[in-house]
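**Q** Contents of upload_10.pdb (PDB, C-alpha atoms) are below:
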```pdb
MODEL        1
ATOM      1  CA  MET A 223     -79.372 -61.582  85.967
ATOM      2  CA  SER A 224     -78.526 -64.470  83.620
ATOM      3  CA  GLY A 225     -75.961 -64.063  80.840
ATOM      4  CA  VAL A 226     -78.684 -64.281  78.188
ATOM      5  CA  LEU A 227     -80.841 -61.628  79.834
ATOM      6  CA  LEU A 228     -77.820 -59.378  80.441
ATOM      7  CA  GLY A 229     -76.841 -59.640  76.789
ATOM      8  CA  MET A 230     -80.417 -58.805  75.712
ATOM      9  CA  PHE A 231     -80.443 -55.812  78.085
ATOM     10  CA  GLN A 232     -77.115 -54.476  76.780
ATOM     11  CA  GLY A 233     -78.232 -54.975  73.202
ATOM     12  CA  ALA A 234     -81.453 -53.064  73.832
ATOM     13  CA  ALA A 235     -79.509 -50.243  75.487
ATOM     14  CA  ALA A 236     -77.182 -49.982  72.482
ATOM     15  CA  GLN A 237     -80.152 -49.848  70.117
ATOM     16  CA  THR A 238     -81.875 -47.031  72.037
ATOM     17  CA  ARG A 239     -78.709 -44.950  72.336
ATOM     18  CA  ALA A 240     -78.364 -42.141  69.799
ATOM     19  CA  PRO A 241     -76.026 -43.117  66.959
ATOM     20  CA  PHE A 242     -72.471 -41.803  67.072
ATOM     21  CA  PRO A 243     -71.659 -39.236  65.972
ATOM     22  CA  ALA A 244     -74.950 -37.354  66.088
ATOM     23  CA  LYS A 245     -73.255 -33.937  66.147
ATOM     24  CA  ALA A 246     -69.840 -32.273  66.149
ATOM     25  CA  VAL A 247     -67.138 -34.025  68.178
ATOM     26  CA  THR A 248     -65.000 -31.822  70.436
ATOM     27  CA  LEU A 249     -61.386 -32.713  71.161
ATOM     28  CA  VAL A 250     -60.510 -30.819  74.336
ATOM     29  CA  VAL A 251     -56.831 -29.880  74.556
ATOM     30  CA  PRO A 252     -56.114 -28.749  78.138
ATOM     31  CA  PHE A 253     -53.147 -26.668  76.985
ATOM     32  CA  THR A 254     -52.427 -23.727  74.706
ATOM     33  CA  PRO A 255     -52.193 -24.014  70.911
ATOM     34  CA  GLY A 256     -48.872 -25.397  69.718
ATOM     35  CA  SER A 257     -48.521 -28.057  72.407
ATOM     36  CA  GLY A 258     -47.957 -31.667  71.367
ATOM     37  CA  SER A 259     -51.525 -32.701  72.110
ATOM     38  CA  ASP A 260     -52.815 -29.689  70.168
ATOM     39  CA  THR A 261     -50.620 -30.604  67.194
ATOM     40  CA  ILE A 262     -51.943 -34.171  67.163
ATOM     41  CA  ALA A 263     -55.575 -33.066  67.488
ATOM     42  CA  ARG A 264     -55.342 -30.607  64.611
ATOM     43  CA  LEU A 265     -53.499 -33.089  62.414
ATOM     44  CA  ILE A 266     -55.926 -35.994  62.788
ATOM     45  CA  GLY A 267     -59.092 -33.926  63.242
ATOM     46  CA  PRO A 268     -59.807 -33.611  59.505
ATOM     47  CA  HIS A 269     -59.343 -37.361  58.971
ATOM     48  CA  LEU A 270     -61.762 -38.162  61.785
ATOM     49  CA  ALA A 271     -64.277 -35.605  60.489
ATOM     50  CA  ALA A 272     -64.192 -37.191  57.034
ATOM     51  CA  LYS A 273     -64.716 -40.647  58.523
ATOM     52  CA  TRP A 274     -67.514 -39.594  60.875
ATOM     53  CA  GLY A 275     -69.322 -37.170  58.596
ATOM     54  CA  GLN A 276     -69.410 -34.594  61.397
ATOM     55  CA  PRO A 277     -67.170 -31.629  62.269
ATOM     56  CA  VAL A 278     -64.305 -32.230  64.686
ATOM     57  CA  VAL A 279     -63.594 -29.160  66.814
ATOM     58  CA  VAL A 280     -60.313 -28.648  68.672
ATOM     59  CA  ASP A 281     -61.078 -26.724  71.870
ATOM     60  CA  ASN A 282     -58.081 -25.379  73.807
ATOM     61  CA  LYS A 283     -58.912 -25.073  77.513
ATOM     62  CA  PRO A 284     -55.620 -24.223  79.248
ATOM     63  CA  GLY A 285     -55.285 -23.448  82.925
ATOM     64  CA  ALA A 286     -54.228 -24.950  86.254
ATOM     65  CA  SER A 287     -51.628 -27.269  84.666
ATOM     66  CA  GLY A 288     -54.267 -28.811  82.424
ATOM     67  CA  SER A 289     -56.853 -29.316  85.146
ATOM     68  CA  MET A 290     -59.485 -26.951  83.715
ATOM     69  CA  GLY A 291     -59.858 -28.755  80.416
ATOM     70  CA  THR A 292     -59.576 -32.148  82.059
ATOM     71  CA  GLN A 293     -62.360 -31.344  84.515
ATOM     72  CA  ALA A 294     -64.594 -30.202  81.647
ATOM     73  CA  VAL A 295     -64.290 -33.607  79.979
ATOM     74  CA  ALA A 296     -64.792 -35.496  83.242
ATOM     75  CA  ARG A 297     -68.159 -33.732  83.604
ATOM     76  CA  ALA A 298     -69.231 -34.134  79.963
ATOM     77  CA  GLU A 299     -71.870 -36.542  78.704
ATOM     78  CA  PRO A 300     -70.354 -40.013  78.149
ATOM     79  CA  ASP A 301     -71.549 -40.197  74.551
ATOM     80  CA  GLY A 302     -68.261 -39.847  72.664
ATOM     81  CA  HIS A 303     -68.869 -36.260  71.579
ATOM     82  CA  THR A 304     -66.440 -34.689  74.094
ATOM     83  CA  LEU A 305     -62.985 -36.250  74.360
ATOM     84  CA  LEU A 306     -59.762 -35.333  76.131
ATOM     85  CA  MET A 307     -56.416 -35.086  74.359
ATOM     86  CA  ALA A 308     -54.310 -36.060  77.352
ATOM     87  CA  ILE A 309     -50.577 -36.214  78.003
ATOM     88  CA  ASN A 310     -48.722 -37.891  80.843
ATOM     89  CA  THR A 311     -49.146 -34.834  83.068
ATOM     90  CA  HIS A 312     -52.684 -36.237  83.437
ATOM     91  CA  THR A 313     -51.202 -38.617  86.020
ATOM     92  CA  MET A 314     -48.490 -36.252  87.320
ATOM     93  CA  THR A 315     -50.536 -33.185  88.250
ATOM     94  CA  PRO A 316     -52.806 -35.039  90.718
ATOM     95  CA  ALA A 317     -49.701 -36.515  92.372
ATOM     96  CA  VAL A 318     -48.308 -33.035  93.018
ATOM     97  CA  GLN A 319     -51.675 -31.346  93.602
ATOM     98  CA  PRO A 320     -53.982 -34.025  95.050
ATOM     99  CA  SER A 321     -56.972 -31.730  95.526
ATOM    100  CA  GLN A 322     -58.139 -32.049  91.920
ATOM    101  CA  PRO A 323     -61.902 -31.918  91.193
ATOM    102  CA  TYR A 324     -61.631 -35.249  89.345
ATOM    103  CA  ASP A 325     -59.906 -38.612  89.645
ATOM    104  CA  ALA A 326     -57.412 -39.196  86.837
ATOM    105  CA  VAL A 327     -58.201 -42.911  86.716
ATOM    106  CA  ARG A 328     -61.820 -43.429  87.835
ATOM    107  CA  ASP A 329     -63.393 -40.445  86.034
ATOM    108  CA  PHE A 330     -62.211 -41.414  82.555
ATOM    109  CA  ALA A 331     -62.538 -44.234  80.057
ATOM    110  CA  ALA A 332     -59.197 -44.711  78.304
ATOM    111  CA  VAL A 333     -59.670 -44.879  74.530
ATOM    112  CA  ALA A 334     -56.234 -45.103  72.949
ATOM    113  CA  LYS A 335     -52.591 -44.239  73.327
ATOM    114  CA  LEU A 336     -51.572 -42.072  70.383
ATOM    115  CA  ALA A 337     -47.893 -41.181  70.513
ATOM    116  CA  GLU A 338     -44.714 -40.910  72.564
ATOM    117  CA  ALA A 339     -41.902 -38.389  72.828
ATOM    118  CA  ASN A 340     -38.426 -38.890  74.248
ATOM    119  CA  LEU A 341     -36.956 -36.748  76.973
ATOM    120  CA  VAL A 342     -33.223 -36.127  76.921
ATOM    121  CA  LEU A 343     -30.873 -35.756  79.882
ATOM    122  CA  ALA A 344     -28.518 -32.899  78.992
ATOM    123  CA  VAL A 345     -25.576 -31.486  80.936
ATOM    124  CA  HIS A 346     -23.290 -28.483  80.606
ATOM    125  CA  PRO A 347     -20.357 -29.357  78.290
ATOM    126  CA  GLY A 348     -17.875 -28.617  81.060
ATOM    127  CA  LEU A 349     -19.294 -31.296  83.352
ATOM    128  CA  PRO A 350     -16.872 -34.273  83.380
ATOM    129  CA  ALA A 351     -19.495 -36.908  82.595
ATOM    130  CA  GLN A 352     -19.808 -38.692  79.264
ATOM    131  CA  ASP A 353     -22.623 -41.111  80.026
ATOM    132  CA  VAL A 354     -25.200 -41.959  82.669
ATOM    133  CA  LYS A 355     -22.871 -44.148  84.718
ATOM    134  CA  SER A 356     -20.200 -41.451  85.002
ATOM    135  CA  LEU A 357     -22.796 -38.808  85.895
ATOM    136  CA  ILE A 358     -24.095 -40.950  88.741
ATOM    137  CA  ALA A 359     -20.537 -41.547  89.981
ATOM    138  CA  LEU A 360     -19.816 -37.813  89.840
ATOM    139  CA  ALA A 361     -23.001 -36.955  91.742
ATOM    140  CA  LYS A 362     -22.235 -39.565  94.407
ATOM    141  CA  SER A 363     -18.740 -38.130  94.857
ATOM    142  CA  GLN A 364     -20.176 -34.641  95.429
ATOM    143  CA  PRO A 365     -23.542 -35.068  97.169
ATOM    144  CA  GLY A 366     -25.559 -31.855  97.105
ATOM    145  CA  ARG A 367     -22.966 -29.870  95.141
ATOM    146  CA  LEU A 368     -24.497 -30.379  91.686
ATOM    147  CA  ASN A 369     -27.846 -28.910  90.627
ATOM    148  CA  TYR A 370     -30.431 -29.326  87.918
ATOM    149  CA  ALA A 371     -32.865 -26.995  86.189
ATOM    150  CA  THR A 372     -36.549 -27.498  85.421
ATOM    151  CA  PRO A 373     -39.225 -25.288  83.861
ATOM    152  CA  GLY A 374     -41.121 -25.414  87.144
ATOM    153  CA  ASN A 375     -42.086 -27.348  90.237
ATOM    154  CA  GLY A 376     -44.047 -30.532  89.553
ATOM    155  CA  THR A 377     -43.365 -30.527  85.801
ATOM    156  CA  PRO A 378     -42.496 -33.763  83.950
ATOM    157  CA  HIS A 379     -38.873 -32.560  83.834
ATOM    158  CA  HIS A 380     -38.894 -32.253  87.637
ATOM    159  CA  LEU A 381     -40.480 -35.647  88.286
ATOM    160  CA  ALA A 382     -38.178 -37.307  85.739
ATOM    161  CA  MET A 383     -35.095 -36.129  87.624
ATOM    162  CA  GLU A 384     -36.567 -37.061  90.993
ATOM    163  CA  LEU A 385     -37.203 -40.595  89.710
ATOM    164  CA  PHE A 386     -33.618 -40.705  88.385
ATOM    165  CA  LYS A 387     -32.254 -39.480  91.726
ATOM    166  CA  SER A 388     -34.322 -41.925  93.757
ATOM    167  CA  ASP A 389     -33.500 -44.949  91.619
ATOM    168  CA  ASN A 390     -29.773 -44.248  91.695
ATOM    169  CA  GLY A 391     -29.258 -42.916  95.220
ATOM    170  CA  ILE A 392     -27.933 -39.488  94.290
ATOM    171  CA  PHE A 393     -28.621 -35.997  95.622
ATOM    172  CA  VAL A 394     -28.605 -33.032  93.238
ATOM    173  CA  VAL A 395     -30.339 -29.737  94.019
ATOM    174  CA  HIS A 396     -33.493 -28.617  92.214
ATOM    175  CA  VAL A 397     -33.455 -25.139  90.649
ATOM    176  CA  PRO A 398     -36.948 -24.359  89.253
ATOM    177  CA  TYR A 399     -37.407 -21.720  86.547
ATOM    178  CA  ARG A 400     -40.427 -20.123  84.921
ATOM    179  CA  GLY A 401     -40.384 -21.967  81.627
ATOM    180  CA  ILE A 402     -37.948 -24.036  79.604
ATOM    181  CA  ALA A 403     -36.256 -21.108  77.839
ATOM    182  CA  ASN A 404     -34.720 -19.587  80.983
ATOM    183  CA  ALA A 405     -33.699 -23.006  82.268
ATOM    184  CA  THR A 406     -31.941 -23.784  78.986
ATOM    185  CA  THR A 407     -30.152 -20.417  78.970
ATOM    186  CA  ASP A 408     -28.669 -21.089  82.399
ATOM    187  CA  LEU A 409     -27.705 -24.635  81.432
ATOM    188  CA  ILE A 410     -25.766 -23.249  78.467
ATOM    189  CA  SER A 411     -24.036 -20.651  80.634
ATOM    190  CA  GLY A 412     -23.158 -23.169  83.347
ATOM    191  CA  GLN A 413     -25.323 -21.666  86.074
ATOM    192  CA  VAL A 414     -26.842 -25.136  86.376
ATOM    193  CA  GLU A 415     -25.222 -28.450  85.511
ATOM    194  CA  MET A 416     -28.009 -30.606  84.096
ATOM    195  CA  MET A 417     -31.666 -30.908  83.147
ATOM    196  CA  PHE A 418     -34.244 -33.088  81.470
ATOM    197  CA  GLY A 419     -35.940 -31.571  78.441
ATOM    198  CA  SER A 420     -37.908 -32.627  75.398
ATOM    199  CA  VAL A 421     -35.772 -33.577  72.418
ATOM    200  CA  PRO A 422     -37.226 -30.828  70.160
ATOM    201  CA  SER A 423     -36.593 -28.137  72.783
ATOM    202  CA  LEU A 424     -32.918 -29.051  73.246
ATOM    203  CA  ARG A 425     -31.938 -30.536  69.892
ATOM    204  CA  THR A 426     -30.506 -27.326  68.406
ATOM    205  CA  GLN A 427     -28.381 -26.654  71.502
ATOM    206  CA  ILE A 428     -27.138 -30.249  71.549
ATOM    207  CA  GLN A 429     -26.227 -30.251  67.859
ATOM    208  CA  ALA A 430     -24.377 -26.941  68.277
ATOM    209  CA  GLY A 431     -22.389 -28.341  71.205
ATOM    210  CA  ARG A 432     -23.728 -25.802  73.658
ATOM    211  CA  VAL A 433     -25.069 -28.606  75.863
ATOM    212  CA  LYS A 434     -24.140 -32.283  75.993
ATOM    213  CA  ALA A 435     -26.709 -35.081  75.727
ATOM    214  CA  LEU A 436     -26.050 -38.141  77.894
ATOM    215  CA  ALA A 437     -29.166 -40.239  77.264
ATOM    216  CA  VAL A 438     -32.725 -40.247  75.965
ATOM    217  CA  THR A 439     -35.690 -41.968  77.557
ATOM    218  CA  GLY A 440     -37.776 -44.635  75.870
ATOM    219  CA  GLU A 441     -37.240 -48.074  74.407
ATOM    220  CA  SER A 442     -35.706 -46.724  71.196
ATOM    221  CA  ARG A 443     -33.523 -43.775  70.250
ATOM    222  CA  SER A 444     -34.977 -40.509  69.049
ATOM    223  CA  ASP A 445     -35.008 -40.019  65.297
ATOM    224  CA  LEU A 446     -33.991 -36.412  65.943
ATOM    225  CA  LEU A 447     -30.917 -37.444  67.989
ATOM    226  CA  PRO A 448     -30.012 -40.877  66.604
ATOM    227  CA  ALA A 449     -26.464 -40.828  68.007
ATOM    228  CA  VAL A 450     -27.630 -40.445  71.617
ATOM    229  CA  ARG A 451     -28.053 -43.761  73.426
ATOM    230  CA  THR A 452     -31.125 -44.534  75.495
ATOM    231  CA  PHE A 453     -31.073 -45.027  79.254
ATOM    232  CA  ARG A 454     -32.088 -48.622  78.530
ATOM    233  CA  GLU A 455     -29.023 -49.176  76.348
ATOM    234  CA  GLN A 456     -26.863 -47.888  79.187
ATOM    235  CA  GLY A 457     -28.414 -50.214  81.745
ATOM    236  CA  TYR A 458     -31.135 -48.000  83.260
ATOM    237  CA  PRO A 459     -34.461 -49.282  81.825
ATOM    238  CA  ALA A 460     -36.548 -47.766  84.645
ATOM    239  CA  MET A 461     -36.211 -44.391  82.942
ATOM    240  CA  ASP A 462     -38.460 -45.605  80.110
ATOM    241  CA  ALA A 463     -41.271 -44.574  82.448
ATOM    242  CA  VAL A 464     -40.609 -40.855  81.977
ATOM    243  CA  ASP A 465     -41.218 -40.886  78.224
ATOM    244  CA  ALA A 466     -43.944 -38.387  77.422
ATOM    245  CA  TRP A 467     -47.090 -40.119  76.169
ATOM    246  CA  TYR A 468     -50.165 -38.764  74.416
ATOM    247  CA  ALA A 469     -53.591 -40.371  74.602
ATOM    248  CA  VAL A 470     -57.301 -39.787  74.067
ATOM    249  CA  LEU A 471     -59.651 -40.285  77.013
ATOM    250  CA  ALA A 472     -63.446 -40.191  77.251
ATOM    251  CA  PRO A 473     -65.671 -39.507  80.264
ATOM    252  CA  ALA A 474     -66.228 -42.473  82.543
ATOM    253  CA  ARG A 475     -69.318 -44.568  81.734
ATOM    254  CA  THR A 476     -68.788 -44.181  77.995
ATOM    255  CA  PRO A 477     -70.223 -47.454  76.614
ATOM    256  CA  ALA A 478     -67.613 -50.127  75.938
ATOM    257  CA  ASP A 479     -68.667 -50.651  72.332
ATOM    258  CA  LEU A 480     -68.309 -46.919  71.651
ATOM    259  CA  VAL A 481     -64.869 -46.898  73.277
ATOM    260  CA  GLN A 482     -63.848 -49.720  70.954
ATOM    261  CA  ARG A 483     -65.103 -47.841  67.915
ATOM    262  CA  LEU A 484     -63.306 -44.663  68.955
ATOM    263  CA  ASN A 485     -60.161 -46.691  69.491
ATOM    264  CA  ARG A 486     -60.305 -48.134  65.990
ATOM    265  CA  ASP A 487     -60.889 -44.739  64.402
ATOM    266  CA  PHE A 488     -58.142 -42.924  66.324
ATOM    267  CA  VAL A 489     -55.634 -45.735  65.742
ATOM    268  CA  GLU A 490     -56.427 -45.715  62.031
ATOM    269  CA  ALA A 491     -55.960 -41.930  61.799
ATOM    270  CA  MET A 492     -52.697 -41.977  63.762
ATOM    271  CA  ASN A 493     -51.176 -44.724  61.624
ATOM    272  CA  ARG A 494     -51.633 -42.897  58.335
ATOM    273  CA  ALA A 495     -48.255 -42.470  56.638
ATOM    274  CA  ASP A 496     -48.693 -38.693  56.303
ATOM    275  CA  VAL A 497     -49.598 -38.327  59.981
ATOM    276  CA  LYS A 498     -46.596 -40.390  61.101
ATOM    277  CA  SER A 499     -44.267 -38.391  58.865
ATOM    278  CA  GLU A 500     -45.495 -35.009  60.054
ATOM    279  CA  LEU A 501     -45.357 -35.935  63.727
ATOM    280  CA  ALA A 502     -41.860 -37.422  63.369
ATOM    281  CA  LYS A 503     -40.597 -34.010  62.260
ATOM    282  CA  GLN A 504     -41.672 -32.692  65.647
ATOM    283  CA  GLY A 505     -40.164 -35.475  67.718
ATOM    284  CA  LEU A 506     -43.426 -37.365  68.215
ATOM    285  CA  ARG A 507     -43.425 -41.115  67.559
ATOM    286  CA  VAL A 508     -46.788 -42.737  66.816
ATOM    287  CA  SER A 509     -47.497 -45.506  69.319
ATOM    288  CA  THR A 510     -51.023 -46.891  69.478
ATOM    289  CA  GLY A 511     -52.750 -49.769  71.240
ATOM    290  CA  THR A 512     -55.920 -51.073  72.823
ATOM    291  CA  PRO A 513     -58.125 -49.425  75.460
ATOM    292  CA  ALA A 514     -56.898 -52.024  77.958
ATOM    293  CA  GLN A 515     -53.274 -51.056  77.333
ATOM    294  CA  ILE A 516     -53.777 -47.326  77.875
ATOM    295  CA  THR A 517     -55.958 -48.058  80.918
ATOM    296  CA  ALA A 518     -53.076 -50.026  82.437
ATOM    297  CA  LEU A 519     -50.586 -47.261  81.564
ATOM    298  CA  VAL A 520     -52.695 -44.527  83.184
ATOM    299  CA  SER A 521     -53.185 -46.605  86.339
ATOM    300  CA  SER A 522     -49.526 -47.578  86.697
ATOM    301  CA  ASP A 523     -48.316 -44.036  86.018
ATOM    302  CA  ALA A 524     -50.706 -42.560  88.585
ATOM    303  CA  ALA A 525     -49.337 -44.924  91.241
ATOM    304  CA  ARG A 526     -45.708 -44.365  90.205
ATOM    305  CA  TRP A 527     -45.796 -40.572  90.304
ATOM    306  CA  LYS A 528     -47.678 -40.526  93.581
ATOM    307  CA  ALA A 529     -44.848 -42.586  95.095
ATOM    308  CA  VAL A 530     -42.130 -40.415  93.510
ATOM    309  CA  VAL A 531     -43.740 -37.213  94.780
ATOM    310  CA  LYS A 532     -44.073 -38.665  98.290
ATOM    311  CA  ARG A 533     -40.440 -39.840  98.407
ATOM    312  CA  ALA A 534     -39.128 -36.501  97.119
ATOM    313  CA  GLY A 535     -41.377 -34.440  99.385
ATOM    314  CA  ILE A 536     -42.680 -32.388  96.455
ATOM    315  CA  THR A 537     -45.455 -29.956  97.398
ATOM    316  CA  PRO A 538     -47.514 -27.497  95.320
ATOM    317  CA  ASP A 539     -46.065 -24.008  94.824
TER     318      ASP A 539
ENDMDL
END
```
Could you quickly redo this structure as structure tokens?
**A**
Amino acid sequence: MSGVLLGMFQGAAAQTRAPFPAKAVTLVVPFTPGSGSDTIARLIGPHLAAKWGQPVVVDNKPGASGSMGTQAVARAEPDGHTLLMAINTHTMTPAVQPSQPYDAVRDFAAVAKLAEANLVLAVHPGLPAQDVKSLIALAKSQPGRLNYATPGNGTPHHLAMELFKSDNGIFVVHVPYRGIANATTDLISGQVEMMFGSVPSLRTQIQAGRVKALAVTGESRSDLLPAVRTFREQGYPAMDAVDAWYAVLAPARTPADLVQRLNRDFVEAMNRADVKSELAKQGLRVSTGTPAQITALVSSDAARWKAVVKRAGITPD
């Protein structure tokens, strides 16, 4: 088909498609209320509703590490009316549990990255390590004698430490817990020596001196822990990859022009001063971009975590 005819065909298809939005738009959050993606959805939902002239409904569909809600969006009509509020576990869960009923890359059209959140590497105050370099040296001097906590097998905290271990040739033992609270309690008491956690979940303990922060992930320091240097500043830029990211995805086959419109509208809502300010209080840093950029991020992350899981021999519980 010639370029002229193809352009005429695409133009005709766009004209016959129902205008967007023709009804309420549903933002599917595959986690419980109160999660980061839920917070973002509820904060920007009213701004999007005002712009679109249609209700924006936040629909929490938790279950199976986010897979239930994600599958629902993968099977939805590709018309922009059902969207997924995704986080980086979108690419981690399939790496740990490959038998998902969807493909994290092929079954979605990436619309926009929305925000980032730093993770922090924290250790028990009694551990004789003051920075990343000294922690690695300590772990190498005592292979297999140190351990680390996570809120569960296959969680971002788990994969972050396995990437850290692999990149730096160290061996520390994984101690999985049921949730972040119990893991933090045992870190404070010294039952475990270290863990990765979100900055908001550990900030109070760090500021009180009950745990010691060695580094945060990401290209810039956390506004909530400005005195803590990044891994990058300490010479370990590969750990930027474990920053939590938040994005909006649409079902595959969503028309490209609609994806571009959704991108513009979400980016505009996220970059409002009031939205940025409110999210910053919760440790979320607004970080937006083009559909091509989030497509590349999803693809690279999916490949990275698959390799990390294979190297570490991580299997589903």
**Q** So how many Å separate atom CA of A:Pro513 and atom CA of A:Ala332, to one decimal?
**A**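 Value for the atom CA of A:Pro513-atom CA of A:Ala332 distance: 5.6 Å.
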**Q** Which centre and which edge lengths, in Å to one decimal, describe the axis-aligned box that holds all listed atoms of stretch 295-307 of chain A after 6 Å is added on each side, as AutoDock Vina command-line options?
**A**
```
--center_x -64.1 --center_y -36.9 --center_z 77.6 --size_x 27.5 --size_y 18.6 --size_z 24.0
```
**Q** Expanded to explicit residues, what is the PyMOL selection byres ((chain A and resi 256-268) around 8) for this file, as a compact mmCIF listing (two decimals) with C-alpha atoms, keeping the file's coordinate frame?
**A**
```
# COMPACT_ATOMS: atom_id res chain seq x y z
CA LEU A 249 -61.39 -32.71 71.16
CA VAL A 251 -56.83 -29.88 74.56
CA PHE A 253 -53.15 -26.67 76.98
CA THR A 254 -52.43 -23.73 74.71
CA PRO A 255 -52.19 -24.01 70.91
CA HIS A 269 -59.34 -37.36 58.97
CA LEU A 270 -61.76 -38.16 61.78
CA ALA A 271 -64.28 -35.60 60.49
CA ALA A 272 -64.19 -37.19 57.03
CA VAL A 278 -64.31 -32.23 64.69
CA VAL A 279 -63.59 -29.16 66.81
CA VAL A 280 -60.31 -28.65 68.67
CA ASN A 282 -58.08 -25.38 73.81
CA MET A 307 -56.42 -35.09 74.36
CA ALA A 308 -54.31 -36.06 77.35
CA ILE A 309 -50.58 -36.21 78.00
CA TYR A 468 -50.16 -38.76 74.42
CA ALA A 491 -55.96 -41.93 61.80
CA MET A 492 -52.70 -41.98 63.76
CA VAL A 497 -49.60 -38.33 59.98
CA LEU A 501 -45.36 -35.94 63.73
CA LEU A 506 -43.43 -37.36 68.22
```
**Q** Identify which of the residues A:Gly376, A:Pro365, A:Pro300, A:Pro277 lies closest to A:Lys528, counting all atoms listed in the file when measuring atom-to-atom distances.
**A**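 Residue with the minimum atom-to-atom distance to A:Lys528: A:Gly376.
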**Q** If we count only C-alpha atoms, what is near A:Arg367 at a cut-off of 12 Å, once residues fewer than 2 positions away on the same chain are taken out, given as an mmCIF file with C-alpha atoms, in the frame of the given file?
**A**
```cif
data_model
loop_
_atom_site.group_PDB
_atom_site.id
_atom_site.type_symbol
_atom_site.label_atom_id
_atom_site.label_comp_id
_atom_site.auth_asym_id
_atom_site.auth_seq_id
_atom_site.Cartn_x
_atom_site.Cartn_y
_atom_site.Cartn_z
ATOM 1 C CA LEU A 360 -19.816 -37.813 89.840
ATOM 2 C CA ALA A 361 -23.001 -36.955 91.742
ATOM 3 C CA LYS A 362 -22.235 -39.565 94.407
ATOM 4 C CA SER A 363 -18.740 -38.130 94.857
ATOM 5 C CA GLN A 364 -20.176 -34.641 95.429
ATOM 6 C CA PRO A 365 -23.542 -35.068 97.169
ATOM 7 C CA ASN A 369 -27.846 -28.910 90.627
ATOM 8 C CA TYR A 370 -30.431 -29.326 87.918
ATOM 9 C CA ILE A 392 -27.933 -39.488 94.290
ATOM 10 C CA PHE A 393 -28.621 -35.997 95.622
ATOM 11 C CA VAL A 394 -28.605 -33.032 93.238
ATOM 12 C CA VAL A 395 -30.339 -29.737 94.019
ATOM 13 C CA HIS A 396 -33.493 -28.617 92.214
ATOM 14 C CA VAL A 414 -26.842 -25.136 86.376
ATOM 15 C CA GLU A 415 -25.222 -28.450 85.511
#
```
**Q** Env of A:Leu341: 12 Å cut, atoms = only C-alpha atoms, seq-sep filter 4 positions within chain, self excluded. Answer as a CSV table (one decimal) with C-alpha atoms, in the frame of the given file.
**A**
```csv
chain,number,residue,atom,x,y,z
A,378,PRO,CA,-42.5,-33.8,84.0
A,379,HIS,CA,-38.9,-32.6,83.8
A,380,HIS,CA,-38.9,-32.3,87.6
A,381,LEU,CA,-40.5,-35.6,88.3
A,382,ALA,CA,-38.2,-37.3,85.7
A,383,MET,CA,-35.1,-36.1,87.6
A,417,MET,CA,-31.7,-30.9,83.1
A,418,PHE,CA,-34.2,-33.1,81.5
A,419,GLY,CA,-35.9,-31.6,78.4
A,420,SER,CA,-37.9,-32.6,75.4
A,421,VAL,CA,-35.8,-33.6,72.4
A,422,PRO,CA,-37.2,-30.8,70.2
A,423,SER,CA,-36.6,-28.1,72.8
A,424,LEU,CA,-32.9,-29.1,73.2
A,425,ARG,CA,-31.9,-30.5,69.9
A,435,ALA,CA,-26.7,-35.1,75.7
A,436,LEU,CA,-26.0,-38.1,77.9
A,437,ALA,CA,-29.2,-40.2,77.3
A,438,VAL,CA,-32.7,-40.2,76.0
A,439,THR,CA,-35.7,-42.0,77.6
A,440,GLY,CA,-37.8,-44.6,75.9
A,441,GLU,CA,-37.2,-48.1,74.4
A,442,SER,CA,-35.7,-46.7,71.2
A,443,ARG,CA,-33.5,-43.8,70.2
A,444,SER,CA,-35.0,-40.5,69.0
A,446,LEU,CA,-34.0,-36.4,65.9
A,447,LEU,CA,-30.9,-37.4,68.0
A,450,VAL,CA,-27.6,-40.4,71.6
A,451,ARG,CA,-28.1,-43.8,73.4
A,452,THR,CA,-31.1,-44.5,75.5
A,453,PHE,CA,-31.1,-45.0,79.3
A,461,MET,CA,-36.2,-44.4,82.9
A,462,ASP,CA,-38.5,-45.6,80.1
A,463,ALA,CA,-41.3,-44.6,82.4
A,464,VAL,CA,-40.6,-40.9,82.0
A,465,ASP,CA,-41.2,-40.9,78.2
A,466,ALA,CA,-43.9,-38.4,77.4
A,467,TRP,CA,-47.1,-40.1,76.2
A,505,GLY,CA,-40.2,-35.5,67.7
A,506,LEU,CA,-43.4,-37.4,68.2
```
**Q** Would you pick out the contacts of A:Asp329 at 9 Å or less, using only C-alpha atoms, so that residues sharing its chain but fewer than 4 positions from it are not included, and give the list as a PyMOL selection string?
**A** chain A and resi 296-297+324-325+472-475
**Q** Between A:Ala371, A:Gln482, A:Ile410, A:Lys387, which is the closest to A:Ala430 once you count only C-alpha atoms?
**A** A:Ile410
**Q** Quick one, how far is atom CA of A:Pro538 from atom CA of A:Asn404?
**A**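 About the pair atom CA of A:Pro538 and atom CA of A:Asn404: they are 20.8 Å apart.
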**Q** With distances taken over all atoms listed in the file, which of A:Val397, A:Met416, A:Ala478, A:Ala529 is nearest to A:Ile358?
**A**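 Result for the nearest residue to A:Ile358: A:Met416.
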**Q** For the file shown, report as an mmCIF file with C-alpha atoms, keeping the file's coordinate frame the outcome of the PyMOL selection byres ((chain A and resi 530) around 8) at residue level.
**A**
```cif
data_model
loop_
_atom_site.group_PDB
_atom_site.id
_atom_site.type_symbol
_atom_site.label_atom_id
_atom_site.label_comp_id
_atom_site.auth_asym_id
_atom_site.auth_seq_id
_atom_site.Cartn_x
_atom_site.Cartn_y
_atom_site.Cartn_z
ATOM 1 C CA LEU A 381 -40.480 -35.647 88.286
ATOM 2 C CA GLU A 384 -36.567 -37.061 90.993
ATOM 3 C CA LEU A 385 -37.203 -40.595 89.710
ATOM 4 C CA SER A 388 -34.322 -41.925 93.757
ATOM 5 C CA ARG A 526 -45.708 -44.365 90.205
ATOM 6 C CA TRP A 527 -45.796 -40.572 90.304
ATOM 7 C CA LYS A 528 -47.678 -40.526 93.581
ATOM 8 C CA ALA A 529 -44.848 -42.586 95.095
ATOM 9 C CA VAL A 531 -43.740 -37.213 94.780
ATOM 10 C CA LYS A 532 -44.073 -38.665 98.290
ATOM 11 C CA ARG A 533 -40.440 -39.840 98.407
ATOM 12 C CA ALA A 534 -39.128 -36.501 97.119
#
```
